[in-house]
$ cat protein31.txt   # compact mmCIF, C-alpha atoms
# COMPACT_ATOMS: atom_id res chain seq x y z
CA MET A 159 150.94 188.94 -201.99
CA THR A 160 149.30 189.17 -198.61
CA VAL A 161 147.59 186.24 -196.96
CA PRO A 162 144.17 187.07 -195.52
CA GLU A 163 143.75 186.67 -191.78
CA PRO A 164 141.64 183.64 -190.76
CA ARG A 165 138.14 184.64 -189.88
CA THR A 166 136.24 183.29 -186.93
CA ALA A 167 132.54 182.70 -187.06
CA PRO A 168 130.52 185.38 -185.35
CA ALA A 169 128.92 184.52 -182.06
CA VAL A 170 125.23 183.66 -182.16
CA LEU A 171 123.16 185.08 -179.36
CA LEU A 172 120.52 182.84 -177.82
CA PRO A 173 118.15 183.56 -174.94
CA ASP A 174 119.40 182.32 -171.58
CA PRO A 175 116.44 180.60 -169.85
CA ARG A 176 118.12 180.95 -166.43
CA THR A 177 117.89 184.72 -166.51
CA ALA A 178 115.56 187.42 -167.70
CA PRO A 179 114.05 186.77 -171.14
CA ASP A 180 116.00 189.65 -172.73
CA THR A 181 119.39 188.35 -171.55
CA VAL A 182 121.39 186.42 -174.14
CA THR A 183 124.19 183.91 -173.91
CA PRO A 184 126.79 183.92 -176.69
CA VAL A 185 127.22 180.59 -178.47
CA THR A 186 130.35 180.24 -180.57
CA PRO A 187 131.80 177.38 -182.57
CA ALA A 188 134.01 176.66 -179.53
CA THR A 189 130.93 175.74 -177.46
CA PRO A 190 131.18 171.98 -176.80
CA ALA A 191 128.54 169.73 -178.30
CA PRO A 192 126.25 167.95 -175.87
CA LEU A 193 127.44 164.54 -174.75
CA PRO A 194 125.75 161.56 -176.41
CA VAL A 195 122.99 159.89 -174.48
CA PRO A 196 124.22 156.66 -172.90
CA ARG A 197 122.86 153.61 -174.69
CA PRO A 198 122.46 150.55 -172.49
CA CYS A 199 122.96 146.93 -173.43
CA THR A 200 119.88 145.99 -175.46
CA LEU A 201 118.23 142.62 -175.91
CA VAL A 202 116.56 142.41 -179.32
CA VAL A 203 114.01 139.61 -179.21
CA CYS A 204 113.00 138.14 -182.55
CA ARG A 205 109.27 137.82 -183.03
CA GLY A 206 109.16 137.17 -186.76
CA CYS A 207 108.01 134.20 -188.76
CA CYS A 208 109.46 131.43 -186.55
CA CYS A 209 110.58 132.96 -183.27
CA GLY A 210 107.75 133.31 -180.84
CA ASP A 211 105.65 130.88 -182.89
CA PRO A 212 103.74 128.47 -180.63
CA GLY A 213 103.16 126.23 -183.65
CA LYS A 214 106.88 125.74 -184.17
CA HIS A 215 107.78 125.51 -180.47
CA PRO A 216 104.58 124.56 -178.62
CA GLY A 217 106.37 123.80 -175.34
CA THR A 218 107.64 127.37 -174.93
CA ASP A 219 105.70 130.20 -173.27
CA HIS A 220 106.72 132.87 -175.79
CA VAL A 221 104.49 135.56 -174.30
CA GLY A 222 105.76 134.77 -170.81
CA GLN A 223 109.39 134.90 -171.98
CA LEU A 224 108.99 138.36 -173.44
CA ALA A 225 107.14 139.55 -170.34
CA ARG A 226 109.95 138.21 -168.14
CA LEU A 227 112.64 139.97 -170.19
CA ARG A 228 110.73 143.25 -170.13
CA ALA A 229 110.11 143.03 -166.38
CA ALA A 230 113.83 142.42 -165.78
CA ALA A 231 114.74 145.39 -167.98
CA ASP A 232 112.31 147.60 -166.04
CA ALA A 233 113.83 146.40 -162.76
CA SER A 234 117.37 147.10 -164.06
CA GLU A 235 116.76 150.86 -163.81
CA GLY A 236 118.16 151.49 -167.28
CA ARG A 237 121.17 149.16 -167.19
CA PHE A 238 119.68 147.22 -170.09
CA ALA A 239 116.68 147.45 -172.39
CA VAL A 240 114.49 145.05 -174.38
CA ARG A 241 112.90 145.55 -177.75
CA THR A 242 111.36 143.25 -180.33
CA SER A 243 112.05 142.93 -184.02
CA ASP A 244 110.60 141.14 -186.99
CA CYS A 245 112.54 138.23 -188.38
CA LEU A 246 116.24 138.53 -187.52
CA GLY A 247 117.35 135.68 -189.71
CA PRO A 248 118.57 132.30 -188.47
CA CYS A 249 115.09 130.79 -188.32
CA GLY A 250 116.48 127.28 -187.91
CA GLN A 251 117.80 128.33 -184.50
CA ALA A 252 114.66 130.06 -183.20
CA ASN A 253 114.13 131.71 -180.77
CA ILE A 254 116.81 134.29 -181.49
CA VAL A 255 117.84 137.02 -179.06
CA VAL A 256 120.55 139.49 -180.09
CA VAL A 257 122.51 140.93 -177.17
CA GLN A 258 123.70 144.33 -178.35
CA PRO A 259 126.51 146.02 -176.45
CA SER A 260 126.02 149.27 -174.63
CA ARG A 261 127.85 152.32 -175.97
CA THR A 262 130.56 151.69 -173.35
CA GLY A 263 130.67 147.99 -174.22
CA ARG A 264 131.13 148.81 -177.90
CA ALA A 265 133.95 151.20 -177.00
CA HIS A 266 135.60 148.24 -175.23
CA GLY A 267 135.32 146.02 -178.32
CA GLY A 268 131.90 144.47 -177.72
CA ARG A 269 129.88 143.45 -180.75
CA PRO A 270 126.31 142.13 -181.06
CA ALA A 271 126.00 138.49 -180.04
CA TRP A 272 123.31 136.30 -181.55
CA VAL A 273 121.88 133.73 -179.16
CA GLY A 274 119.95 130.88 -180.73
CA PHE A 275 117.61 128.30 -179.26
CA ALA A 276 116.54 130.66 -176.45
CA LEU A 277 113.55 128.50 -175.60
CA ASP A 278 113.77 127.77 -171.87
CA ASP A 279 114.20 129.46 -168.52
CA ALA A 280 117.87 128.46 -168.28
CA SER A 281 118.61 130.32 -171.53
CA LEU A 282 116.77 133.40 -170.31
CA ASP A 283 118.59 133.22 -166.97
CA ASP A 284 121.94 133.27 -168.80
CA ILE A 285 120.91 136.08 -171.15
CA LEU A 286 119.67 138.19 -168.23
CA THR A 287 122.80 137.46 -166.18
CA TRP A 288 124.96 138.66 -169.06
CA ALA A 289 122.87 141.79 -169.69
CA GLU A 290 122.86 142.67 -165.98
CA ALA A 291 126.66 142.31 -165.93
CA GLY A 292 126.97 144.80 -168.80
CA GLY A 293 126.77 142.59 -171.91
CA PRO A 294 129.29 142.33 -174.76
CA GLY A 295 132.51 144.24 -174.22
CA LEU A 296 132.00 144.54 -170.48
CA ALA A 297 131.33 140.96 -169.39
CA ASP A 298 131.80 137.48 -170.78
CA PRO A 299 128.67 135.45 -171.47
CA PRO A 300 127.92 132.59 -169.08
CA ASP A 301 129.66 129.39 -170.20
CA ALA A 302 126.47 127.54 -171.11
CA LEU A 303 125.29 130.48 -173.21
CA THR A 304 128.43 130.37 -175.36
CA LEU A 305 127.14 127.05 -176.72
CA GLN A 306 124.06 128.87 -178.04
CA LEU A 307 125.88 131.70 -179.83
CA VAL A 308 125.27 131.60 -183.56
CA ASP A 309 126.88 133.38 -186.47
CA PRO A 310 124.01 134.83 -188.54
CA ARG A 311 126.30 134.98 -191.59
CA GLN A 312 126.77 131.19 -191.53
CA VAL A 313 123.09 130.36 -191.82
$ encode --input "protein31.txt" --output "structure tokens"
Amino acid sequence: MTVPEPRTAPAVLLPDPRTAPDTVTPVTPATPAPLPVPRPCTLVVCRGCCCGDPGKHPGTDHVGQLARLRAAADASEGRFAVRTSDCLGPCGQANIVVVQPSRTGRAHGGRPAWVGFALDDASLDDILTWAEAGGPGLADPPDALTLQLVDPRQV
């Protein structure tokens, strides 16, 4: 009994935009896949039922907080990002901000960190300091911020 020779996939010919339109560049299965787009540290700011609610926390400038976080993200030139989400869960510890690791931070063991009671400028200062330093997996949170970390599974 003879064993068939392994077959290789035929090359696919695609137009090469760097040359004349009728020139083609062979693409084979050995062509490397594009590298993944870097994902920065991301601050997910809860704006659900309790977080961001001036009725629940009337002494906090919720709109100003979000504007400050977004301005800092813009100034970071892509080192970290900010987005909002509906209710993230631990409503008893509002305002919640989840600090998600960057792709590199996750590769170094970083996992999302849930920060509760983010109601004042000192909390935002610590969150921004951590994000600017790289976030989970790349930098430790400021000492005071560790007192605000919550486990969303325990609520």
$ residues_near_point --input "protein31.txt" --point "(120.4, 149.8, -164.8)" --cutoff "10 Å" --atoms "all atoms listed in the file" --output "MDAnalysis selection string"
chainID A and resid 198:199 230:239 289:292
$ closest_residue --input "protein31.txt" --among "A:Thr200, A:His266, A:Pro248, A:Gln258" --to "Arg228 in chain A" --atoms "only C-alpha atoms"
A:Thr200
$ atom_distance --input "protein31.txt" --atom1 "CA of Gln306 in chain A" --atom2 "CA of Arg226 in chain A"
19.6 Å
$ closest_residue --input "protein31.txt" --among "A:Asp283, A:Gly263, A:Arg241, A:Ala276" --to "Gly210 in chain A" --atoms "all atoms listed in the file"
A:Ala276
$ atom_distance --input "protein31.txt" --atom1 "CA of Gly217 in chain A" --atom2 "CA of Cys245 in chain A"
20.4 Å
$ axis_aligned_box --input "protein31.txt" --around "range 197-213 of chain A" --padding-each-side "4 Å" --output "AutoDock Vina command-line options"
--center_x 113.1 --center_y 139.9 --center_z -180.6 --size_x 27.8 --size_y 35.4 --size_z 24.3
$ atom_distance --input "protein31.txt" --atom1 "CA of Trp272 in chain A" --atom2 "CA of Pro216 in chain A"
22.3 Å
$ closest_residue --input "protein31.txt" --among "A:Val221, A:Ile285, A:Cys204, A:Ala280" --to "Val257 in chain A" --atoms "only C-alpha atoms"
A:Ile285
$ closest_residue --input "protein31.txt" --among "A:Leu224, A:Val308, A:Ala229, A:Leu286" --to "Gly274 in chain A" --atoms "all atoms listed in the file"
A:Val308
$ build_atoms --input "protein31.txt" --residues "range 260-295 of chain A" --atoms "N, CA and C atoms" --output "PDB file, keeping the file's coordinate frame"
ATOM      1  N   SER A 260     126.281 147.884-174.964  1.00  0.00           N
ATOM      2  CA  SER A 260     126.020 149.270-174.630  1.00  0.00           C
ATOM      3  C   SER A 260     127.034 150.134-175.380  1.00  0.00           C
ATOM      4  N   ARG A 261     126.874 151.433-175.333  1.00  0.00           N
ATOM      5  CA  ARG A 261     127.850 152.320-175.970  1.00  0.00           C
ATOM      6  C   ARG A 261     129.231 152.097-175.343  1.00  0.00           C
ATOM      7  N   THR A 262     129.276 151.943-174.036  1.00  0.00           N
ATOM      8  CA  THR A 262     130.560 151.690-173.350  1.00  0.00           C
ATOM      9  C   THR A 262     131.107 150.325-173.743  1.00  0.00           C
ATOM     10  N   GLY A 263     130.237 149.320-173.815  1.00  0.00           N
ATOM     11  CA  GLY A 263     130.670 147.990-174.220  1.00  0.00           C
ATOM     12  C   GLY A 263     131.246 147.980-175.623  1.00  0.00           C
ATOM     13  N   ARG A 264     130.622 148.726-176.528  1.00  0.00           N
ATOM     14  CA  ARG A 264     131.130 148.810-177.900  1.00  0.00           C
ATOM     15  C   ARG A 264     132.496 149.491-177.900  1.00  0.00           C
ATOM     16  N   ALA A 265     132.656 150.513-177.087  1.00  0.00           N
ATOM     17  CA  ALA A 265     133.950 151.200-177.000  1.00  0.00           C
ATOM     18  C   ALA A 265     135.044 150.267-176.484  1.00  0.00           C
ATOM     19  N   HIS A 266     134.651 149.235-175.749  1.00  0.00           N
ATOM     20  CA  HIS A 266     135.600 148.240-175.230  1.00  0.00           C
ATOM     21  C   HIS A 266     135.694 147.010-176.131  1.00  0.00           C
ATOM     22  N   GLY A 267     135.190 147.117-177.363  1.00  0.00           N
ATOM     23  CA  GLY A 267     135.320 146.020-178.320  1.00  0.00           C
ATOM     24  C   GLY A 267     134.133 145.093-178.425  1.00  0.00           C
ATOM     25  N   GLY A 268     133.079 145.338-177.673  1.00  0.00           N
ATOM     26  CA  GLY A 268     131.900 144.470-177.720  1.00  0.00           C
ATOM     27  C   GLY A 268     131.166 144.594-179.040  1.00  0.00           C
ATOM     28  N   ARG A 269     130.655 143.492-179.519  1.00  0.00           N
ATOM     29  CA  ARG A 269     129.880 143.450-180.750  1.00  0.00           C
ATOM     30  C   ARG A 269     128.596 142.664-180.479  1.00  0.00           C
ATOM     31  N   PRO A 270     127.551 142.874-181.278  1.00  0.00           N
ATOM     32  CA  PRO A 270     126.310 142.130-181.060  1.00  0.00           C
ATOM     33  C   PRO A 270     126.546 140.625-181.067  1.00  0.00           C
ATOM     34  N   ALA A 271     125.889 139.947-180.146  1.00  0.00           N
ATOM     35  CA  ALA A 271     126.000 138.490-180.040  1.00  0.00           C
ATOM     36  C   ALA A 271     124.614 137.895-180.281  1.00  0.00           C
ATOM     37  N   TRP A 272     124.553 136.943-181.192  1.00  0.00           N
ATOM     38  CA  TRP A 272     123.310 136.300-181.550  1.00  0.00           C
ATOM     39  C   TRP A 272     123.181 134.999-180.776  1.00  0.00           C
ATOM     40  N   VAL A 273     122.140 134.912-179.970  1.00  0.00           N
ATOM     41  CA  VAL A 273     121.880 133.730-179.160  1.00  0.00           C
ATOM     42  C   VAL A 273     120.731 132.969-179.810  1.00  0.00           C
ATOM     43  N   GLY A 274     120.995 131.715-180.135  1.00  0.00           N
ATOM     44  CA  GLY A 274     119.950 130.880-180.730  1.00  0.00           C
ATOM     45  C   GLY A 274     119.379 129.904-179.719  1.00  0.00           C
ATOM     46  N   PHE A 275     118.268 129.320-180.077  1.00  0.00           N
ATOM     47  CA  PHE A 275     117.610 128.300-179.260  1.00  0.00           C
ATOM     48  C   PHE A 275     117.272 128.817-177.849  1.00  0.00           C
ATOM     49  N   ALA A 276     116.911 130.080-177.748  1.00  0.00           N
ATOM     50  CA  ALA A 276     116.540 130.660-176.450  1.00  0.00           C
ATOM     51  C   ALA A 276     115.081 130.289-176.167  1.00  0.00           C
ATOM     52  N   LEU A 277     114.893 129.057-175.744  1.00  0.00           N
ATOM     53  CA  LEU A 277     113.550 128.500-175.600  1.00  0.00           C
ATOM     54  C   LEU A 277     113.158 128.171-174.171  1.00  0.00           C
ATOM     55  N   ASP A 278     114.100 128.209-173.235  1.00  0.00           N
ATOM     56  CA  ASP A 278     113.770 127.770-171.870  1.00  0.00           C
ATOM     57  C   ASP A 278     114.237 128.792-170.843  1.00  0.00           C
ATOM     58  N   ASP A 279     113.850 128.539-169.597  1.00  0.00           N
ATOM     59  CA  ASP A 279     114.200 129.460-168.520  1.00  0.00           C
ATOM     60  C   ASP A 279     115.703 129.552-168.301  1.00  0.00           C
ATOM     61  N   ALA A 280     116.419 128.441-168.481  1.00  0.00           N
ATOM     62  CA  ALA A 280     117.870 128.460-168.280  1.00  0.00           C
ATOM     63  C   ALA A 280     118.538 129.410-169.280  1.00  0.00           C
ATOM     64  N   SER A 281     118.067 129.399-170.522  1.00  0.00           N
ATOM     65  CA  SER A 281     118.610 130.320-171.530  1.00  0.00           C
ATOM     66  C   SER A 281     118.330 131.766-171.144  1.00  0.00           C
ATOM     67  N   LEU A 282     117.106 132.036-170.725  1.00  0.00           N
ATOM     68  CA  LEU A 282     116.770 133.400-170.310  1.00  0.00           C
ATOM     69  C   LEU A 282     117.576 133.820-169.098  1.00  0.00           C
ATOM     70  N   ASP A 283     117.769 132.908-168.147  1.00  0.00           N
ATOM     71  CA  ASP A 283     118.590 133.220-166.970  1.00  0.00           C
ATOM     72  C   ASP A 283     119.977 133.673-167.402  1.00  0.00           C
ATOM     73  N   ASP A 284     120.586 132.927-168.338  1.00  0.00           N
ATOM     74  CA  ASP A 284     121.940 133.270-168.800  1.00  0.00           C
ATOM     75  C   ASP A 284     121.963 134.593-169.554  1.00  0.00           C
ATOM     76  N   ILE A 285     120.978 134.825-170.401  1.00  0.00           N
ATOM     77  CA  ILE A 285     120.910 136.080-171.150  1.00  0.00           C
ATOM     78  C   ILE A 285     120.766 137.257-170.188  1.00  0.00           C
ATOM     79  N   LEU A 286     119.885 137.109-169.205  1.00  0.00           N
ATOM     80  CA  LEU A 286     119.670 138.190-168.230  1.00  0.00           C
ATOM     81  C   LEU A 286     120.904 138.406-167.360  1.00  0.00           C
ATOM     82  N   THR A 287     121.567 137.329-166.973  1.00  0.00           N
ATOM     83  CA  THR A 287     122.800 137.460-166.180  1.00  0.00           C
ATOM     84  C   THR A 287     123.834 138.262-166.939  1.00  0.00           C
ATOM     85  N   TRP A 288     123.978 137.963-168.234  1.00  0.00           N
ATOM     86  CA  TRP A 288     124.960 138.660-169.060  1.00  0.00           C
ATOM     87  C   TRP A 288     124.587 140.134-169.228  1.00  0.00           C
ATOM     88  N   ALA A 289     123.316 140.403-169.515  1.00  0.00           N
ATOM     89  CA  ALA A 289     122.870 141.790-169.690  1.00  0.00           C
ATOM     90  C   ALA A 289     123.052 142.586-168.399  1.00  0.00           C
ATOM     91  N   GLU A 290     122.715 141.980-167.262  1.00  0.00           N
ATOM     92  CA  GLU A 290     122.860 142.670-165.980  1.00  0.00           C
ATOM     93  C   GLU A 290     124.325 142.952-165.650  1.00  0.00           C
ATOM     94  N   ALA A 291     125.225 142.110-166.160  1.00  0.00           N
ATOM     95  CA  ALA A 291     126.660 142.310-165.930  1.00  0.00           C
ATOM     96  C   ALA A 291     127.271 143.323-166.903  1.00  0.00           C
ATOM     97  N   GLY A 292     126.486 143.793-167.869  1.00  0.00           N
ATOM     98  CA  GLY A 292     126.970 144.800-168.800  1.00  0.00           C
ATOM     99  C   GLY A 292     126.927 144.378-170.252  1.00  0.00           C
ATOM    100  N   GLY A 293     126.868 143.069-170.527  1.00  0.00           N
ATOM    101  CA  GLY A 293     126.770 142.590-171.910  1.00  0.00           C
ATOM    102  C   GLY A 293     128.102 142.597-172.636  1.00  0.00           C
ATOM    103  N   PRO A 294     128.065 142.431-173.955  1.00  0.00           N
ATOM    104  CA  PRO A 294     129.290 142.330-174.760  1.00  0.00           C
ATOM    105  C   PRO A 294     130.227 143.522-174.551  1.00  0.00           C
ATOM    106  N   GLY A 295     131.491 143.211-174.422  1.00  0.00           N
ATOM    107  CA  GLY A 295     132.510 144.240-174.220  1.00  0.00           C
ATOM    108  C   GLY A 295     132.784 144.548-172.768  1.00  0.00           C
TER     109      GLY A 295
END
